[in-house]
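Written below as structure tokens is the structure these notes are about.
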Amino acid sequence: MSEQKTVTQDDALKDDVLKMASLSRLQTDGEEQSLFARQFRDILDYMDTLASVDTEDVEPLYTPALHGGMPRDDVSVPGIGRGEALRNAPRRDGEYFIVPRIV
């Protein structure tokens with residue numbers, strides 16, 4: 001399998017991390033950039049290891065379950081009432097949850 005890398009070598013890897021952080025709207029300092037660059041390099045090295053594994057005679061696995069699950073009967077059960085649902089709410093007005101305004 002040909003070796004393909006979309007990320008540059010270690011010297012320029014920090015620049016790639018900065019670009020990804022900018023695109024993600026993340027602020028990083030120099031120490032974090034070095035850490036992320038090392039972690040990213042480790043991930044790429046691991047992907048190279050996985051790419052080198054011979055999977056020629058391995059059948060694709062679509063699910064780890066070898067048998068179907070036991071279907072259960074579709075039985076209607078009563079739900080919890082409003083009082084029970086609101087019982088552990090940190091803030092409530094008797095009928096509704098009170099949550100912080102988002103917008």
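Going by the structure tokens order, chains are called A, B, ..., each with residues numbered from 1, while ligands are numbered from 1 in the order shown.
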
Which residues are near range 70-85 of chain A? Cut-off 10 Å, only C-alpha atoms, ignore same chain within fewer than 3 positions. Put them as a ChimeraX atom specification.
/A:67,88-89,94-97

Report as a PDB file with N, CA and C atoms, in the first residue's frame all protein, DNA and RNA residues lying within 7 Å of range 35-51 of chain A, evaluated on only C-alpha atoms, omitting residues in the same chain fewer than 5 positions from it.
```pdb
ATOM      1  N   LEU A  13       4.468  20.651  11.276  1.00  0.00           N
ATOM      2  CA  LEU A  13       3.259  20.096  11.870  1.00  0.00           C
ATOM      3  C   LEU A  13       2.585  21.096  12.800  1.00  0.00           C
ATOM      4  N   LYS A  14       3.366  21.898  13.517  1.00  0.00           N
ATOM      5  CA  LYS A  14       2.789  22.919  14.395  1.00  0.00           C
ATOM      6  C   LYS A  14       1.974  23.927  13.591  1.00  0.00           C
ATOM      7  N   VAL A  17      -1.250  22.348  12.962  1.00  0.00           N
ATOM      8  CA  VAL A  17      -2.055  22.372  14.188  1.00  0.00           C
ATOM      9  C   VAL A  17      -2.650  23.763  14.383  1.00  0.00           C
TER      10      VAL A  17
END
```

Can you check which residues of range 38-88 of chain A DSSP gives as helix (DSSP H, G or I) on the backbone and send them as a ChimeraX atom specification?
/A:38-51,82-86

Just C-alpha atoms for this one: save the residues we selected as a PDB file, in the first residue's frame.
```
ATOM      1  CA  ARG A  38       3.039  15.057  18.962  1.00  0.00           C
ATOM      2  CA  GLN A  39      -0.363  13.455  19.440  1.00  0.00           C
ATOM      3  CA  PHE A  40      -1.246  14.036  15.801  1.00  0.00           C
ATOM      4  CA  ARG A  41       2.060  12.488  14.707  1.00  0.00           C
ATOM      5  CA  ASP A  42       1.349   9.469  16.967  1.00  0.00           C
ATOM      6  CA  ILE A  43      -2.086   9.049  15.362  1.00  0.00           C
ATOM      7  CA  LEU A  44      -0.581   9.197  11.875  1.00  0.00           C
ATOM      8  CA  ASP A  45       2.105   6.681  12.833  1.00  0.00           C
ATOM      9  CA  TYR A  46      -0.579   4.351  14.179  1.00  0.00           C
ATOM     10  CA  MET A  47      -2.566   4.717  10.967  1.00  0.00           C
ATOM     11  CA  ASP A  48       0.583   3.720   9.054  1.00  0.00           C
ATOM     12  CA  THR A  49       0.833   0.639  11.273  1.00  0.00           C
ATOM     13  CA  LEU A  50      -2.791  -0.257  10.558  1.00  0.00           C
ATOM     14  CA  ALA A  51      -2.290   0.326   6.831  1.00  0.00           C
ATOM     15  CA  ARG A  82     -45.077  15.472  35.659  1.00  0.00           C
ATOM     16  CA  GLY A  83     -44.395  15.595  39.390  1.00  0.00           C
ATOM     17  CA  GLU A  84     -42.038  12.623  39.201  1.00  0.00           C
ATOM     18  CA  ALA A  85     -40.211  14.119  36.194  1.00  0.00           C
ATOM     19  CA  LEU A  86     -39.751  17.462  37.970  1.00  0.00           C
TER      20      LEU A  86
END
```

Would you work out the distance separating CA of Glu32 in chain A from CA of Leu18 in chain A, expressed in Å to one decimal?
10.2 Å

What does the distance between CA of Ser24 in chain A and CA of Ala12 in chain A come to in Å, to one decimal place?
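Separation of CA of Ser24 in chain A and CA of Ala12 in chain A: 18.6 Å.
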
Calculate how many Å separate CA of Ala21 in chain A from CA of Gln33 in chain A, rounding to one decimal.
9.0 Å
